[in-house]
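Everything on this sheet refers to the single structure shown next.
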Amino acid sequence: MHKISLIKFFLITCIFLPGIIFAQQRPVGRGADASRSFSETPNKDGTASSKKEVEPGIKLWRINGYGAFNDSIKLDTLLDYYHIYNPAFKDAVTVSDVGNYATPYQNNDFFSRKSNVDFYFLRSREAYLLTPQTVQYYNTRTPYTLLDFSQSEHRTRKNETRFNVLHTQNVKPWWNFTFRYDQARSAGQYKNQETKNNFVTLYSSYDKDRLSIHGGFISNSILNNENGGLDKDADLLGEPDTDFLDVNLTSVRSEFGSTYFFTTGEYRLGRFNEIVVETEEESDDEEEEPQTIREFKPFAGISYSFELQKHKKDYIDEEDPTNTFFPDAYYGEDYTKDSIRFFQLRNVIQLKQYENLERKTSFGKRVFLGQEFVKVGSPGEISGNFIPIFGDYSYRTKRYSNVYAGGGIFREAGKFWTWNFDGRIFLIGRNAGQTELNGTISKPLSFFGDSLASFRVKGSIENRVPDYFQEEFYSNRIQWDVDLKMEQRMTVNGTLEIPKRKLELNANYAIVNNFIYNNTEGVPTQFGGQLLVLSAYADKDFNYRNLHFRTRLLWQKPSNGDILHLPDFSGFVSAYYKFVISKVLFTQIGLDVRYNTAYYADAYHPATGFFHLQNETKIGDFPYIDAHANLRLKRTRFFFKMMNIGTSFINKEYYTIPGYPMNRMTFRMGVAWAFYD
């Protein structure tokens with residue numbers, strides 16, 4: 001399709017599709033939103049009103065603190081921002097990435113660059129993975145199934161397809177099983193840019209009285225073709241077809257495989273209390289007697305957490321030896337494959353005392369002792385007269401272990417305030433001396449007439465030992481062996497939330513000593529001085545009747561711009577109009593814009609998958625504009641999206657990092673079906 005034809009098709013779809021869908025459907029009987037216990041009946045202005053009806057109840061939560069805490073979360077059935085399907089962009093203002101779906105990325109917000117992935121080479125792909133820390137546990141009255149599909153404009157050429165399946169159901173009120181499968185494939189718009197990504201998981205939760213168990217397994221796989229970016233002589237604006245733009249690499253790819261086995265179990269000590277439950281009167285002449293139920297109230301618990309994870313990365317380089325993109329070939333031109341392995345086994349035992357909700361001065365306490373065993377494997381250092389060749393090369397393995405202890409105190413149920421302080425210290429092993437201290441204080445407020453407003457302060461002090469692969473790595477294209485000190489970091493965050501006003505204000509401050517970064521050659525390096533980073537963030541949703549205008553603004557400034565490159569200003573603006581067609585079809589039509597000021601965006605190294613400093617090319621000052629339409633009919637959601645429409649009328653280069661342009665204007669559509677029985 002030509003660009004003008006695509007725009008026409010998008011506009012026609014937005015105008016006529018709601019009527020087509022409505023003509024094929026019967027009137028709605030029950031509510032569609034599974035995250036609530038009532039149906040949505042629209043008011044005259046198009047907003048939803050609450051009309052009580054019984055719906056299947058679904059509860060969701062994540063566990064953290066080695067099973068010490070269950071954090072409740074909401075089921076995502078909202079129409080707002082359903083069209084933002086790329087996980088790397090969901091919670092980010094702006095992102096630097098390699099181009100298409102499921103490729104390496106880096107959040108442009110310095111304070112959002114924390115990672116839960118232990119395998120260092122996977123951290124730039126974390127949003128596309130599932131880990132035990134990100135698993136969502138379910139408890140549902142009826143079986144719940146979600147099918148989520150999206151497709152690009154071309155079914156065979158430059159295709160992008162996602163298909164996700166979630167099924168969860170309880171076999172007992174306290175025992176749930178969940179299956180999830182996500183698959184994605186993106187051919188990319190440029191040569192040698194194909195990606196394949198999928199994960200499958202089966203897990204379960206059991207929570208009844210004295211016993212609570214969570215556990216399961218996860219399998220991830222990723223394939224990324226590495227094209228090294230566009231050739232320096234490529235004419236991005238002058239060539240109408242991306243197939244004719246030359247790239248630096250044509251026969252290079254990275255393959256990842258990951259497996260997790262995990263479980264956390266807790267045995268609780270406590271007592272049963274009898275609670276009288278009043279029943280509703282059926283008539284004036286007949287009353288039911290109150291019922292008595294037994295409720296278990298824990299006061300202490302002992303838990304055990306186990307996690308086994310295995311990761312591998314194969315970097316396959318079959319590039320023509322005459323290609324000079326990489327300056328070095330340490331193992332010779334016949335060497336074509338770097339194999340990297342990571343194995344970790346973790347055990348944690350924990351004692352916990354629950355807070356007494358009936359006492360204002362009571363607070364919870366916990367202590368834990370953990371052990372982890374790690375084995376890594378990677379190509380070895382060239383030594384002596386050994387000349388490695390493919391299939392017969394030096395391969396080294398390294399084993400190390402750590403023992404750590406920690407604990408915390410917390411108050412989760414206070415009406416005046418809630419707080420949580422915890423920490424751990426590594427006692428024995430490679431990371432001996434590493435310490436981590438964290439604290440959060442949340443104070444409810446009555447602000448601008450909003451009783452749900454709150455002010456939260458978070459802080460952390462960390463002395464972290466560098467990752468094994470930050471200190472030592474040998475491959476055919478890049479090698480290093482550096483001695484790095486502990487990185488010392490203190491971070492303070494303050495957040496004001498006013499839900500009624502749909503406003504969030506946020507400020508962050510960090511002091512970092514011995515900051516570790518990747519230099520212009522892609523090699524981990526340490527700054528011996530002190531680095532200060534300051535940021536301010538605002539998120540505000542302006543509403544006027546059915547018109548919504550949301551702005552997310554981020555400003556940040558490092559004290560040393562030579563070792564940390566960040567855009568001074570980033571913004572995300574979403575404007576959309578909400579309305580209801582024939583009382584059943586909830587509709588949104590709008591525009592999203594992402595923008596950041598020009599700066600020396602980090603470059604990307606294909607052999608490692610890391611981002612690193614560069615001081616030659618400024619990137620940014622280009623608005624990324626998406627036009628979208630979101631629809632919901634009963635329990636089915638649709639989106640239609642024209643992505644990056646600015647490339648059709650803005651005569652300016654649209655690189656996201658040096659050598660890697662954004663996708664040109666393209667069409668996406670998606671649909672999600674939810675089933676509750």
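Identifiers for the structure tokens are assigned positionally: chains receive A, B, ... in sequence, residues are indexed from 1 per chain, and ligands are indexed from 1 in the order shown.
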Note to self: Considering only strand (DSSP E) as DSSP defines it on the backbone, what residues of segment 503-585 of chain A qualify? List them as a VMD selection string.
What the structure shows: chain A and resid 503 to 518 524 to 544 547 to 558 569 to 581 585
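As for atom CA of Lys641 of chain A and atom CA of Gly228 of chain A, they are spaced 28.5 Å apart.
Among the candidates A:Asp182, A:Asp241, A:Glu358, A:Asp602, the one nearest to Ile619 of chain A when counting only C-alpha atoms is A:Asp602.
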Next item on the list: Would you kindly return, as a PyMOL selection string, each protein, DNA or RNA residue with an atom no farther than 10 Å from any atom of Gly433 of chain A, considering only C-alpha atoms and excluding same-chain residues fewer than 4 positions away?
Entry: chain A and resi 404+425-429+463-465+486
Next item on the list: Tell me which protein, DNA and RNA residues are within 10 Å of Phe611 of chain A, counting only C-alpha atoms, leaving out same-chain ones fewer than 4 positions away, and put them as number ranges by chain.
Entry: A: 96-97, 104-106, 124, 517-520, 522, 601-606, 657
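Minimum distance to Arg366 of chain A across A:Gly670, A:Gly67, A:Pro240, A:Pro558 (counting only C-alpha atoms) occurs at A:Gly67.
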Next item on the list: Identify, on the basis of only C-alpha atoms, every residue whose closest approach to His167 of chain A does not exceed 10 Å; exclude the query and any residue fewer than 3 positions from it along the same chain; express the result as a ChimeraX atom specification.
Entry: /A:143-147,177-181,202,674-676
Could you dump the residues just selected with C-alpha atoms as a tab-separated table (two decimals), in the first residue's frame?
chain	number	residue	atom	x	y	z
A	143	PRO	CA	-12.38	-20.14	34.39
A	144	TYR	CA	-10.92	-17.09	32.67
A	145	THR	CA	-9.33	-17.14	29.19
A	146	LEU	CA	-7.79	-14.23	27.30
A	147	LEU	CA	-6.75	-14.37	23.63
A	177	PHE	CA	-3.57	-23.12	37.94
A	178	THR	CA	-2.51	-20.67	35.22
A	179	PHE	CA	-1.16	-21.29	31.73
A	180	ARG	CA	0.27	-18.55	29.56
A	181	TYR	CA	1.82	-18.59	26.09
A	202	LEU	CA	2.57	-23.05	33.80
A	674	ALA	CA	-11.96	-12.50	27.20
A	675	PHE	CA	-13.97	-15.56	28.25
A	676	TYR	CA	-15.25	-16.16	31.78
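Using only C-alpha atoms, the shortest contact distance between Ser570 of chain A and any of A:Leu553, A:Ile222, A:Ala102, A:Ala507 is found at A:Leu553.
Restricting the calculation to only C-alpha atoms, the smallest distance between Thr201 of chain A and any of A:Val247, A:Leu534, A:Leu129, A:Val573 is found for A:Leu129.
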Checklist line | One-decimal distance in Å that lies between atom CA of Ser460 of chain A and atom CA of Val403 of chain A | finding: 21.2 Å
With only C-alpha atoms as the counted atoms, please give the residues lying no more than 12 Å from Tyr624 of chain A, apart from itself and same-chain residues fewer than 2 positions off, as a compact mmCIF listing (two decimals) with C-alpha atoms, in the first residue's frame.
# COMPACT_ATOMS: atom_id res chain seq x y z
CA VAL A 93 7.96 8.12 28.36
CA THR A 94 10.53 7.54 25.60
CA VAL A 95 12.76 4.61 24.70
CA SER A 570 11.18 13.84 27.27
CA GLY A 571 7.43 13.90 26.85
CA PHE A 572 4.45 11.71 26.07
CA VAL A 573 1.17 13.38 25.13
CA SER A 574 -2.02 11.48 24.41
CA LEU A 591 -3.26 10.71 18.80
CA ASP A 592 -0.17 9.83 20.83
CA VAL A 593 3.07 11.81 20.58
CA ARG A 594 6.45 10.86 22.06
CA TYR A 595 9.32 13.32 21.93
CA ASN A 596 12.75 13.90 23.43
CA GLY A 620 16.20 13.11 18.82
CA ASP A 621 14.11 16.23 18.22
CA PHE A 622 11.69 14.15 16.13
CA ASP A 626 0.63 7.45 16.39
CA ALA A 627 -3.04 7.75 15.40
CA MET A 642 -1.28 4.06 12.27
CA MET A 643 2.25 4.24 13.67
CA ASN A 644 4.85 6.99 13.20
CA ILE A 645 2.78 9.02 10.76
CA GLY A 646 5.32 11.86 10.98
CA THR A 647 7.62 10.07 8.53
CA SER A 648 5.07 10.80 5.78
CA ILE A 650 8.21 15.59 8.33
CA LYS A 652 13.82 14.97 9.01
CA GLU A 653 15.83 11.86 9.88
CA TYR A 654 14.06 9.66 12.43
CA TYR A 655 16.79 7.60 14.04
CA THR A 656 16.24 6.25 17.55
CA PRO A 661 15.95 4.28 12.37
CA MET A 662 12.40 4.04 13.64
CA ASN A 663 9.94 2.07 11.55
CA ARG A 664 8.35 4.15 8.83
CA MET A 665 4.62 4.82 8.87
Return as CSV the residues of segment 314-417 of chain A lying at most 12 Å from segment 287-304 of chain A, together with the closest atom-to-atom pair for each and the distance in Å to one decimal, counting only C-alpha atoms, with rows in chain order and ascending residue number.
residue,atom,partner,partner_atom,distance
A:Arg346,CA,A:Tyr304,CA,10.6
A:Asn347,CA,A:Tyr304,CA,7.4
A:Val348,CA,A:Tyr304,CA,5.7
A:Ile349,CA,A:Tyr304,CA,4.6
A:Gln350,CA,A:Ser303,CA,5.2
A:Leu351,CA,A:Ile302,CA,4.6
A:Lys352,CA,A:Gly301,CA,5.1
A:Gln353,CA,A:Ala300,CA,4.3
A:Tyr354,CA,A:Phe299,CA,4.9
A:Glu355,CA,A:Phe299,CA,7.2
A:Asn356,CA,A:Phe299,CA,7.5
A:Leu357,CA,A:Lys297,CA,10.3
A:Glu358,CA,A:Lys297,CA,11.6
A:Ser362,CA,A:Phe299,CA,11.4
A:Phe363,CA,A:Phe299,CA,11.1
A:Gly364,CA,A:Phe299,CA,9.2
A:Lys365,CA,A:Ala300,CA,9.3
A:Arg366,CA,A:Gly301,CA,9.3
A:Val367,CA,A:Ile302,CA,9.9
A:Phe368,CA,A:Ser303,CA,9.2
A:Leu369,CA,A:Tyr304,CA,9.9
A:Gly370,CA,A:Tyr304,CA,9.8
A:Gln371,CA,A:Tyr304,CA,11.7
If you count only C-alpha atoms, which residues fall within 9 Å of Tyr138 of chain A, apart from same-chain ones fewer than 5 positions away, as a compact mmCIF listing (two decimals) with C-alpha atoms, in the first residue's frame?
# COMPACT_ATOMS: atom_id res chain seq x y z
CA ILE A 58 -10.85 -12.27 39.68
CA LYS A 59 -8.05 -11.35 42.07
CA LEU A 60 -4.45 -10.79 40.96
CA TRP A 61 -1.22 -10.32 42.86
CA THR A 168 -6.50 -19.55 34.52
CA GLN A 169 -8.94 -21.43 36.71
CA ASN A 170 -9.39 -22.64 40.25
CA ASN A 176 -5.40 -22.06 41.11
CA PHE A 177 -3.57 -23.12 37.94
CA THR A 178 -2.51 -20.67 35.22
CA SER A 204 0.03 -22.53 40.44
CA SER A 205 -0.93 -20.90 43.72
Check: DSSP on the backbone: what in segment 439-643 of chain A comes out alpha helix (DSSP H), as a PyMOL selection string?
Finding: chain A and resi 468-471
Selected residues, C-alpha atoms, written as a short mmCIF file (atom, residue, chain, number, x, y, z; two decimals), in the first residue's frame, please.
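Output saved as part-v1.cif:
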data_model
loop_
_atom_site.label_atom_id
_atom_site.label_comp_id
_atom_site.auth_asym_id
_atom_site.auth_seq_id
_atom_site.Cartn_x
_atom_site.Cartn_y
_atom_site.Cartn_z
CA TYR A 468 30.87 -11.20 36.58
CA PHE A 469 30.54 -10.32 32.87
CA GLN A 470 31.18 -6.64 33.57
CA GLU A 471 34.67 -7.57 34.74
#
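The smallest atom-to-atom distance between Thr336 of chain A and any of A:Asn86, A:Thr666, A:Ser254, A:Asn514, using only C-alpha atoms, is found for A:Ser254.
Take atom CA of Lys337 of chain A and atom CA of Asp317 of chain A: the distance between them is 6.2 Å.
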